[in-house]
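Note: the block below is entry_15.csv and it holds CSV, C-alpha atoms and all ligand atoms.
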chain,number,residue,atom,x,y,z
A,1495,MET,CA,-43.0,-42.3,-24.4
A,1496,SER,CA,-44.9,-39.7,-22.5
A,1497,GLY,CA,-47.7,-40.6,-20.2
A,1498,PRO,CA,-51.3,-39.4,-20.4
A,1499,GLY,CA,-51.8,-35.7,-20.8
A,1500,ARG,CA,-52.9,-33.5,-17.9
A,1501,CYS,CA,-56.6,-32.6,-17.6
A,1502,PRO,CA,-57.1,-28.8,-18.1
A,1503,ALA,CA,-59.9,-28.9,-15.5
A,1504,CYS,CA,-58.7,-31.1,-12.6
A,1505,ASP,CA,-55.0,-31.1,-13.5
A,1506,GLU,CA,-54.6,-34.9,-13.1
A,1507,PRO,CA,-52.5,-36.8,-15.7
A,1508,ALA,CA,-55.6,-38.8,-16.7
A,1509,LEU,CA,-56.5,-37.9,-20.3
A,1510,ALA,CA,-57.2,-40.9,-22.5
A,1511,PRO,CA,-58.5,-41.1,-26.1
A,1512,TRP,CA,-62.4,-40.9,-26.1
A,1513,CYS,CA,-64.1,-40.3,-29.4
A,1514,ILE,CA,-64.0,-38.6,-32.8
A,1515,VAL,CA,-66.8,-36.1,-33.5
A,1516,PRO,CA,-67.8,-34.0,-36.6
A,1517,GLY,CA,-67.3,-30.3,-36.5
A,1518,SER,CA,-70.4,-28.7,-35.0
A,1519,ASP,CA,-70.7,-25.8,-37.5
A,1520,PRO,CA,-71.2,-26.3,-41.2
A,1521,ALA,CA,-68.4,-23.7,-41.7
A,1522,LEU,CA,-66.0,-25.9,-39.7
A,1523,PRO,CA,-66.2,-29.3,-41.3
A,1524,GLY,CA,-63.9,-32.2,-40.5
A,1525,ASP,CA,-63.5,-34.7,-37.7
A,1526,TYR,CA,-62.2,-33.8,-34.3
A,1527,ALA,CA,-60.6,-36.1,-31.7
A,1528,LEU,CA,-61.6,-35.7,-28.1
A,1529,GLU,CA,-59.8,-37.0,-25.0
A,1530,ARG,CA,-61.6,-37.6,-21.7
A,1531,CYS,CA,-60.3,-37.4,-18.1
A,1532,ALA,CA,-60.5,-40.6,-16.1
A,1533,HIS,CA,-60.5,-38.5,-12.9
A,1534,CYS,CA,-63.2,-35.7,-13.3
A,1535,ALA,CA,-64.8,-36.9,-16.7
A,1536,SER,CA,-64.1,-33.5,-18.4
A,1537,ALA,CA,-62.9,-33.7,-22.0
A,1538,VAL,CA,-60.7,-31.8,-24.3
A,1539,THR,CA,-60.6,-31.1,-28.1
A,1540,LEU,CA,-57.2,-32.1,-29.3
A,1541,GLU,CA,-56.8,-30.3,-32.7
A,1542,PRO,CA,-56.1,-26.6,-32.5
A,1543,VAL,CA,-59.0,-24.2,-33.2
A,1544,PRO,CA,-58.8,-22.8,-36.8
A,1545,PRO,CA,-57.8,-19.1,-36.5
A,1546,GLU,CA,-61.0,-17.9,-38.2
A,1547,ALA,CA,-63.3,-20.1,-36.1
A,1548,HIS,CA,-64.7,-17.3,-33.9
A,1549,GLU,CA,-65.5,-15.0,-36.9
A,1550,ALA,CA,-66.9,-17.7,-39.2
A,1551,GLY,CA,-70.1,-19.7,-39.6
A,1552,ALA,CA,-72.6,-19.2,-36.7
A,1553,TYR,CA,-70.1,-16.6,-35.2
A,1554,GLY,CA,-69.9,-14.7,-38.5
A,1555,GLY,CA,-71.8,-11.6,-37.3
A,1556,GLY,CA,-75.0,-9.9,-38.4
A,1557,ALA,CA,-78.2,-10.0,-36.3
A,1558,PRO,CA,-79.7,-13.5,-36.0
A,1559,ARG,CA,-83.2,-14.0,-37.4
A,1560,GLY,CA,-85.8,-13.2,-34.9
A,1561,SER,CA,-83.4,-11.2,-32.7
A,1562,GLY,CA,-86.0,-8.5,-32.1
A,1563,LEU,CA,-88.4,-11.0,-30.8
A,1564,ALA,CA,-85.8,-12.6,-28.5
A,1565,ALA,CA,-84.6,-9.3,-27.0
A,1566,PRO,CA,-87.0,-9.3,-24.0
A,1567,LEU,CA,-86.2,-12.9,-23.2
A,1568,LEU,CA,-82.4,-12.2,-23.4
A,1569,ARG,CA,-82.8,-9.3,-20.9
A,1570,ARG,CA,-84.6,-11.7,-18.5
A,1571,PHE,CA,-81.7,-14.2,-18.8
A,1572,ASP,CA,-79.2,-11.3,-18.0
A,1573,ARG,CA,-81.2,-10.3,-14.9
A,1574,ARG,CA,-81.1,-14.0,-13.8
A,1575,ARG,CA,-77.2,-13.8,-14.0
A,1576,LEU,CA,-77.4,-10.7,-11.7
A,1577,THR,CA,-79.7,-12.7,-9.3
A,1578,PHE,CA,-77.1,-15.5,-9.1
A,1579,LEU,CA,-74.5,-13.0,-8.0
A,1580,ALA,CA,-76.8,-11.2,-5.6
A,1581,ARG,CA,-77.9,-14.4,-3.8
A,1582,ALA,CA,-74.2,-15.2,-3.2
A,1583,GLY,CA,-73.8,-11.7,-1.7
A,1584,ALA,CA,-72.4,-9.8,-4.7
A,1585,ARG,CA,-74.6,-6.7,-4.9
A,1586,PRO,CA,-74.1,-3.2,-6.3
A,1587,PRO,CA,-72.6,-0.7,-5.7
A,1588,GLY,CA,-69.2,-2.1,-6.8
A,1589,ARG,CA,-67.1,-2.8,-9.9
A,1590,LEU,CA,-68.2,-5.6,-12.2
A,1591,LEU,CA,-66.4,-6.8,-15.3
A,1592,ASP,CA,-68.0,-8.9,-18.0
A,1593,ILE,CA,-65.3,-11.0,-19.7
A,1594,GLY,CA,-66.2,-11.9,-23.3
A,1595,ALA,CA,-68.8,-9.2,-23.3
A,1596,GLY,CA,-70.0,-9.7,-26.9
A,1597,ARG,CA,-72.1,-6.7,-27.9
A,1598,GLY,CA,-72.3,-5.5,-24.3
A,1599,ARG,CA,-75.9,-6.4,-23.6
A,1600,PHE,CA,-75.1,-7.8,-20.1
A,1601,VAL,CA,-72.8,-4.8,-19.3
A,1602,ALA,CA,-75.8,-2.5,-20.0
A,1603,GLN,CA,-78.1,-4.6,-17.8
A,1604,ALA,CA,-75.5,-4.6,-14.9
A,1605,HIS,CA,-75.1,-0.8,-15.2
A,1606,ALA,CA,-78.9,-0.4,-15.1
A,1607,ALA,CA,-78.9,-2.5,-11.9
A,1608,GLY,CA,-76.5,-0.2,-10.2
A,1609,TRP,CA,-73.1,-1.8,-10.9
A,1610,GLU,CA,-70.1,0.2,-12.1
A,1611,ALA,CA,-70.0,-2.1,-15.1
A,1612,ALA,CA,-67.4,-2.6,-17.9
A,1613,GLY,CA,-66.6,-5.3,-20.4
A,1614,ILE,CA,-63.7,-6.7,-22.4
A,1615,GLU,CA,-64.2,-8.5,-25.7
A,1616,PRO,CA,-61.6,-9.7,-28.1
A,1617,SER,CA,-63.6,-9.6,-31.4
A,1618,ARG,CA,-63.9,-6.4,-33.3
A,1619,ARG,CA,-67.5,-7.4,-34.3
A,1620,GLY,CA,-68.6,-7.3,-30.6
A,1621,ILE,CA,-66.9,-3.9,-30.0
A,1622,ALA,CA,-68.6,-2.3,-33.0
A,1623,GLY,CA,-72.0,-3.7,-31.9
A,1624,ALA,CA,-71.5,-2.3,-28.4
A,1625,LEU,CA,-70.4,1.1,-29.6
A,1626,ALA,CA,-73.5,1.3,-31.8
A,1627,GLN,CA,-75.6,1.0,-28.6
A,1628,GLY,CA,-73.4,3.5,-26.6
A,1629,ILE,CA,-71.8,0.8,-24.4
A,1630,GLU,CA,-68.0,1.2,-23.7
A,1631,ILE,CA,-66.1,-2.1,-24.0
A,1632,GLU,CA,-62.3,-2.5,-24.2
A,1633,GLN,CA,-61.2,-4.6,-27.1
A,1634,ALA,CA,-59.0,-7.1,-25.3
A,1635,GLY,CA,-58.6,-10.7,-24.4
A,1636,ILE,CA,-57.9,-11.9,-20.8
A,1637,ASP,CA,-54.2,-12.0,-21.6
A,1638,ASP,CA,-53.9,-8.3,-22.7
A,1639,ALA,CA,-56.7,-6.6,-20.8
A,1640,THR,CA,-55.7,-3.6,-18.6
A,1641,VAL,CA,-57.4,-4.4,-15.3
A,1642,ARG,CA,-55.9,-3.4,-12.0
A,1643,ASP,CA,-55.2,-6.3,-9.6
A,1644,GLY,CA,-57.7,-6.4,-6.7
A,1645,SER,CA,-60.0,-3.8,-8.4
A,1646,LEU,CA,-63.1,-5.9,-9.1
A,1647,ASP,CA,-66.0,-6.8,-6.8
A,1648,ALA,CA,-67.5,-9.1,-9.4
A,1649,ALA,CA,-66.6,-10.7,-12.7
A,1650,THR,CA,-68.7,-12.8,-15.1
A,1651,LEU,CA,-67.4,-15.4,-17.5
A,1652,TRP,CA,-70.5,-16.5,-19.3
A,1653,HIS,CA,-69.9,-19.3,-21.8
A,1654,VAL,CA,-66.3,-18.2,-22.3
A,1655,LEU,CA,-64.1,-20.6,-20.3
A,1656,GLU,CA,-64.8,-23.5,-22.6
A,1657,HIS,CA,-63.4,-21.5,-25.6
A,1658,LEU,CA,-59.9,-21.0,-24.0
A,1659,ASP,CA,-56.9,-23.2,-24.6
A,1660,ASP,CA,-55.6,-22.6,-21.1
A,1661,PRO,CA,-58.5,-22.0,-18.8
A,1662,GLY,CA,-56.3,-22.3,-15.8
A,1663,ALA,CA,-54.1,-19.4,-16.9
A,1664,ALA,CA,-57.2,-17.3,-17.5
A,1665,LEU,CA,-58.6,-18.0,-14.1
A,1666,ALA,CA,-55.3,-17.2,-12.4
A,1667,ARG,CA,-55.4,-13.8,-14.1
A,1668,ILE,CA,-59.1,-13.2,-13.2
A,1669,ALA,CA,-58.6,-14.2,-9.6
A,1670,GLY,CA,-55.9,-11.6,-9.4
A,1671,TRP,CA,-58.3,-8.9,-10.7
A,1672,LEU,CA,-60.8,-9.7,-8.0
A,1673,ALA,CA,-60.6,-8.1,-4.6
A,1674,PRO,CA,-60.5,-10.7,-1.7
A,1675,GLY,CA,-64.2,-11.7,-1.1
A,1676,GLY,CA,-65.1,-10.7,-4.7
A,1677,HIS,CA,-67.2,-13.1,-6.7
A,1678,LEU,CA,-66.9,-14.7,-10.1
A,1679,LEU,CA,-69.9,-16.1,-12.0
A,1680,VAL,CA,-69.0,-18.8,-14.5
A,1681,GLY,CA,-71.4,-20.5,-17.0
A,1682,VAL,CA,-70.3,-23.5,-19.1
A,1683,PRO,CA,-71.9,-26.5,-20.8
A,1684,ASN,CA,-72.1,-29.6,-18.7
A,1685,LEU,CA,-70.6,-32.7,-20.2
A,1686,ALA,CA,-72.1,-34.8,-17.4
A,1687,SER,CA,-75.6,-33.8,-18.6
A,1688,VAL,CA,-78.3,-36.1,-19.9
A,1689,GLN,CA,-78.5,-34.0,-23.1
A,1690,ALA,CA,-74.7,-34.5,-23.7
A,1691,THR,CA,-75.3,-38.2,-23.6
A,1692,LEU,CA,-78.4,-38.2,-25.8
A,1693,GLY,CA,-76.8,-35.8,-28.3
A,1694,ALA,CA,-73.4,-37.6,-28.3
A,1695,GLY,CA,-71.2,-36.2,-31.2
A,1696,ARG,CA,-74.2,-33.9,-32.2
A,1697,TRP,CA,-74.8,-32.4,-28.7
A,1698,TYR,CA,-75.8,-28.8,-29.2
A,1699,HIS,CA,-73.4,-27.5,-26.6
A,1700,LEU,CA,-70.4,-29.5,-27.9
A,1701,ASP,CA,-69.5,-26.8,-30.4
A,1702,VAL,CA,-66.3,-28.5,-31.6
A,1703,PRO,CA,-63.7,-27.2,-32.4
A,1704,ARG,CA,-64.5,-23.8,-30.8
A,1705,HIS,CA,-65.0,-25.5,-27.4
A,1706,ARG,CA,-61.6,-26.6,-26.1
A,1707,THR,CA,-62.5,-28.0,-22.7
A,1708,HIS,CA,-65.8,-29.8,-22.1
A,1709,PHE,CA,-66.3,-29.4,-18.4
A,1710,THR,CA,-68.1,-31.5,-15.8
A,1711,VAL,CA,-69.1,-29.8,-12.5
A,1712,ALA,CA,-66.4,-31.8,-10.7
A,1713,GLY,CA,-63.8,-30.6,-13.2
A,1714,LEU,CA,-65.0,-26.9,-13.0
A,1715,HIS,CA,-65.0,-26.9,-9.2
A,1716,ALA,CA,-61.5,-28.4,-9.1
A,1717,LEU,CA,-60.2,-25.8,-11.6
A,1718,LEU,CA,-61.8,-22.9,-9.6
A,1719,ARG,CA,-60.4,-24.1,-6.3
A,1720,ARG,CA,-56.9,-24.5,-7.7
A,1721,HIS,CA,-57.0,-20.8,-8.4
A,1722,GLY,CA,-58.2,-19.7,-5.0
A,1723,LEU,CA,-61.9,-19.4,-6.1
A,1724,GLU,CA,-64.2,-21.3,-3.8
A,1725,PRO,CA,-67.5,-22.4,-5.3
A,1726,VAL,CA,-70.3,-21.1,-3.1
A,1727,ALA,CA,-73.3,-21.9,-5.4
A,1728,THR,CA,-73.9,-24.2,-8.4
A,1729,HIS,CA,-77.1,-23.7,-10.4
A,1730,HIS,CA,-78.4,-26.4,-12.7
A,1731,VAL,CA,-81.8,-25.1,-13.7
A,1732,LEU,CA,-81.1,-22.6,-16.4
A,1733,ALA,CA,-83.8,-21.6,-18.9
A,1734,GLU,CA,-81.3,-19.7,-21.0
A,1735,HIS,CA,-79.5,-22.7,-22.7
A,1736,ASN,CA,-80.9,-25.9,-21.3
A,1737,PRO,CA,-84.3,-26.7,-22.7
A,1738,PHE,CA,-83.4,-25.5,-26.2
A,1739,GLY,CA,-80.2,-27.6,-26.0
A,1740,LEU,CA,-82.0,-30.8,-25.1
A,1741,TRP,CA,-84.6,-30.4,-27.8
A,1742,VAL,CA,-82.2,-29.4,-30.5
A,1743,SER,CA,-79.7,-32.2,-29.6
A,1744,VAL,CA,-82.5,-34.8,-30.0
A,1745,VAL,CA,-83.7,-33.3,-33.3
A,1746,SER,CA,-80.1,-33.1,-34.4
A,1747,ARG,CA,-79.9,-36.8,-34.5
A,1748,ALA,CA,-82.3,-36.7,-37.5
A,1749,THR,CA,-81.2,-33.5,-39.4
A,1750,ARG,CA,-78.4,-33.4,-41.9
A,1751,THR,CA,-76.9,-30.2,-40.5
A,1752,PRO,CA,-76.1,-30.5,-36.8
A,1753,SER,CA,-78.3,-28.2,-34.7
A,1754,TRP,CA,-80.0,-27.0,-37.9
A,1755,LEU,CA,-82.5,-24.5,-36.3
A,1756,TYR,CA,-79.7,-22.8,-34.4
A,1757,HIS,CA,-77.6,-22.4,-37.6
A,1758,ALA,CA,-80.7,-21.3,-39.6
A,1759,LEU,CA,-81.4,-18.6,-37.0
A,1760,LYS,CA,-77.7,-17.5,-37.3
A,1761,ARG,CA,-78.1,-17.3,-41.1
A,1762,ASN,CA,-75.6,-20.1,-41.3
A,1763,ALA,CA,-77.8,-22.9,-42.9
A,1764,PRO,CA,-80.4,-22.6,-45.7
A,1765,LEU,CA,-83.9,-22.1,-44.5
A,1766,ARG,CA,-85.4,-24.2,-47.3
A,1767,SER,CA,-84.2,-27.7,-46.6
A,1768,ARG,CA,-85.3,-31.1,-45.6
A,1769,ASP,CA,-84.0,-30.2,-42.1
A,1770,ALA,CA,-86.7,-27.5,-41.9
A,1771,LEU,CA,-89.4,-30.2,-42.3
A,1772,VAL,CA,-87.8,-32.5,-39.8
A,1773,THR,CA,-87.5,-29.6,-37.3
A,1774,ALA,CA,-91.1,-28.6,-37.8
A,1775,ALA,CA,-92.3,-32.1,-37.3
A,1776,ALA,CA,-90.4,-32.1,-33.9
A,1777,LEU,CA,-92.0,-28.9,-32.6
A,1778,PRO,CA,-94.7,-30.8,-30.7
A,1779,LEU,CA,-91.9,-32.3,-28.6
A,1780,VAL,CA,-90.9,-28.9,-27.2
A,1781,PRO,CA,-93.1,-29.1,-24.0
A,1782,ALA,CA,-91.8,-32.6,-23.3
A,1783,ALA,CA,-88.2,-31.4,-23.7
A,1784,VAL,CA,-88.8,-28.5,-21.4
A,1785,ALA,CA,-90.3,-30.8,-18.7
A,1786,ALA,CA,-87.6,-33.5,-19.2
A,1787,GLU,CA,-84.8,-30.9,-19.0
A,1788,LEU,CA,-86.2,-29.5,-15.8
A,1789,ALA,CA,-86.2,-33.0,-14.2
A,1790,PHE,CA,-82.6,-33.6,-15.4
A,1791,ALA,CA,-81.5,-30.2,-14.0
A,1792,LEU,CA,-83.1,-31.0,-10.6
A,1793,ALA,CA,-81.1,-34.2,-10.7
A,1794,ARG,CA,-78.0,-32.0,-11.3
A,1795,ARG,CA,-77.7,-33.3,-14.9
A,1796,GLY,CA,-78.8,-30.2,-16.8
A,1797,GLY,CA,-77.2,-29.2,-20.1
A,1798,THR,CA,-75.3,-26.2,-18.7
A,1799,VAL,CA,-74.2,-25.1,-15.2
A,1800,ALA,CA,-73.6,-21.7,-13.5
A,1801,VAL,CA,-71.2,-21.6,-10.6
A,1802,VAL,CA,-70.6,-18.6,-8.3
A,1803,ALA,CA,-67.2,-18.7,-6.7
A,1804,ARG,CA,-65.7,-16.4,-4.0
A,1805,ARG,CA,-62.1,-15.2,-4.1
A,1806,GLU,CA,-60.5,-16.4,-0.9
B,1901,ZN,ZN,-60.0,-34.0,-15.0
Rendering of file as structure tokens:
Amino acid sequence: MSGPGRCPACDEPALAPWCIVPGSDPALPGDYALERCAHCASAVTLEPVPPEAHEAGAYGGGAPRGSGLAAPLLRRFDRRRLTFLARAGARPPGRLLDIGAGRGRFVAQAHAAGWEAAGIEPSRRGIAGALAQGIEIEQAGIDDATVRDGSLDAATLWHVLEHLDDPGAALARIAGWLAPGGHLLVGVPNLASVQATLGAGRWYHLDVPRHRTHFTVAGLHALLRRHGLEPVATHHVLAEHNPFGLWVSVVSRATRTPSWLYHALKRNAPLRSRDALVTAAALPLVPAAVAAELAFALARRGGTVAVVARRE
């Protein structure tokens, strides 16, 4: 018999059966087993990700409802990412690569801030969206991207690492692309958050089976260090994902569709449903959720984290 599996985050042979959770997207039904690491408390999704998962359901494409209204807010979040890099000493001019660039919104923002910015993105949908806005992005994954070793001053990996089956192999490659002293910004959901506990199998940021590794800060730091990337700053207060994640995770305990509002905005759940009434009834809880999440984040238990690491 083989012993416990190795944790993809901290690399200790400490994985043990943890729980079985429902698919987080109505398009990806079924039950998924998770194992948790006894050493760093990160977790892994055991079943392989269905091949169509990143093109289906909430990831199916098309502009989300209300995306015009959200655009100024999203640009603010993008500037915040640039601020995290700048505070750690990563400022333009220099070469920045956004890995998993989607439709290229952040690449455009980094370019406007003075970076020589480029992006890579595996999905055709993202590339088409970027081209439509005049942003050049290479259609490639981390495995097959053509980036010269030591050529980057900064790289961003924003809610990408948790989607990879082998996050260590990805970081090894990215560390090679960075020049010594270059910086990597990583954003991931935080399994050690209060909202992960409250949401349990219906936590908004669980996104099973698309999310393969469910990191804790301890697990993410260990993974970065193992690849010569020294964490220099860890941010817990993140308006981009955290307050919404807490509120939706709590409401999700009472809706039929997990994270109904998110899926309705992504045109992936019917607007007219009982879930709409439940969600509307929970709207007065939004200010309390914002305040509570801020308190949790200040206690380093916010729903997601952002880490800036420097290549040694
Ligand atoms: Zn671990």
The residue from A:Ile1636, A:Ala1626, A:Ala1793, A:Ala1537 with the smallest atom-to-atom distance to Val1731 (chain A), counting all atoms listed in the file, is A:Ala1793
Contacts with ligand ZN 1901 (chain B) at most 7 Å, all atoms listed in the file counted, listed as a PyMOL selection string: chain A and resi 1501-1506+1508+1531-1536+1713
If you count only C-alpha atoms, which residues fall within 10 Å of Val1641 (chain A), apart from same-chain ones fewer than 3 positions away, as a PyMOL selection string? chain A and resi 1591+1614+1636+1638+1644-1646+1667-1668+1670-1672
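As for CA of Trp1609 (chain A) and CA of Ala1733 (chain A), they are spaced 23.9 Å apart.
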Might you pull out every residue within 6 Å of Leu1685 (chain A), with all atoms listed in the file counted and same-chain residues fewer than 4 positions away left off, and present them as JSON, numbers by chain? {"A": [1690, 1708, 1709, 1710]}
Given the point (-59.7, -1.6, -21.5) in the coordinates of this file, which residues lie within 10 Å, counting all atoms listed in the file, and how would they look as a tab-separated table (two decimals) with C-alpha atoms, keeping the file's coordinate frame?
chain	number	residue	atom	x	y	z
A	1612	ALA	CA	-67.40	-2.60	-17.90
A	1613	GLY	CA	-66.60	-5.30	-20.40
A	1614	ILE	CA	-63.70	-6.70	-22.40
A	1615	GLU	CA	-64.20	-8.50	-25.70
A	1630	GLU	CA	-68.00	1.20	-23.70
A	1631	ILE	CA	-66.10	-2.10	-24.00
A	1632	GLU	CA	-62.30	-2.50	-24.20
A	1633	GLN	CA	-61.20	-4.60	-27.10
A	1634	ALA	CA	-59.00	-7.10	-25.30
A	1635	GLY	CA	-58.60	-10.70	-24.40
A	1638	ASP	CA	-53.90	-8.30	-22.70
A	1639	ALA	CA	-56.70	-6.60	-20.80
A	1640	THR	CA	-55.70	-3.60	-18.60
A	1641	VAL	CA	-57.40	-4.40	-15.30
Within 12 Å of (-75.5, -39.6, -16.0) (file coordinates; all atoms listed in the file), which protein or nucleic acid residues are there? I'd like them as number ranges by chain. A: 1535, 1684-1692, 1710, 1790-1791, 1793-1797
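Using all atoms listed in the file, the residues found no farther than 7 Å from Asn1762 (chain A), other than those of its own chain fewer than 2 positions away, are Gly1551, Ala1552, His1757, Ala1758, Lys1760 and Pro1764 of chain A.
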Gap from CA of Thr1751 (chain A) to CA of Ser1518 (chain A) - Å, one decimal: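 One can read the CA of Thr1751 (chain A) to CA of Ser1518 (chain A) distance as 8.6 Å.
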What's the separation between CA of Arg1720 (chain A) and CA of Gly1662 (chain A), in Å to one decimal place? 8.4 Å
At most 12 Å is the cut-off: for each residue in region 1674-1754 of chain A with any atom that close to an atom of region 1523-1527 of chain A, write down the nearest atom pair and the distance in Å rounded to one decimal, counting all atoms listed in the file, chain first then increasing number, as a Markdown table.
| residue | atom | partner | partner_atom | distance |
| --- | --- | --- | --- | --- |
| A:Gly1695 | CA | A:Tyr1526 | CA | 9.8 |
| A:Leu1700 | CA | A:Tyr1526 | CA | 11.3 |
| A:Asp1701 | CA | A:Tyr1526 | CA | 10.8 |
| A:Val1702 | CA | A:Tyr1526 | CA | 7.2 |
| A:Pro1703 | CA | A:Tyr1526 | CA | 7.0 |
| A:Arg1704 | CA | A:Tyr1526 | CA | 10.8 |
| A:His1705 | CA | A:Tyr1526 | CA | 11.2 |
| A:Arg1706 | CA | A:Tyr1526 | CA | 10.9 |
| A:Thr1751 | CA | A:Pro1523 | CA | 10.8 |
| A:Pro1752 | CA | A:Pro1523 | CA | 10.9 |
Could you save those same residues with C-alpha atoms as a CSV table (one decimal), keeping the file's coordinate frame?
chain,number,residue,atom,x,y,z
A,1695,GLY,CA,-71.2,-36.2,-31.2
A,1700,LEU,CA,-70.4,-29.5,-27.9
A,1701,ASP,CA,-69.5,-26.8,-30.4
A,1702,VAL,CA,-66.3,-28.5,-31.6
A,1703,PRO,CA,-63.7,-27.2,-32.4
A,1704,ARG,CA,-64.5,-23.8,-30.8
A,1705,HIS,CA,-65.0,-25.5,-27.4
A,1706,ARG,CA,-61.6,-26.6,-26.1
A,1751,THR,CA,-76.9,-30.2,-40.5
A,1752,PRO,CA,-76.1,-30.5,-36.8
Go through A:Arg1530, A:His1657, A:Arg1597, A:Arg1696 one by one, measure the shortest atom-to-atom distance of each to Trp1741 (chain A) using only C-alpha atoms, and give the residue with the smallest value.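 Of all the options, A:Arg1696 lies closest to Trp1741 (chain A).
Using all atoms listed in the file, the shortest contact distance between Arg1618 (chain A) and any of A:His1548, A:His1677, A:Arg1500, A:Arg1599 is found at A:His1548.
Remark: for Thr1539 (chain A), the closest of the candidate residues A:Gly1497, A:Gly1562, A:Gly1517, A:Gly1693 is A:Gly1517 (distances computed over only C-alpha atoms).
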Show me, as JSON, numbers by chain, the residues that have an atom within 7 Å of Leu1792 (chain A) when counting only C-alpha atoms, minus same-chain residues fewer than 3 positions from it. {"A": [1730, 1731, 1788, 1789]}
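Ranking A:Asp1769, A:Glu1787, A:Glu1734, A:Asp1647 by their shortest atom-to-atom distance to Asp1572 (chain A), with all atoms listed in the file included, puts A:Glu1734 first.
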Restricting the calculation to only C-alpha atoms: of A:Ala1547, A:Ile1593, A:Trp1754, A:Pro1725, which residue gets closest to Arg1766 (chain A)? A:Trp1754
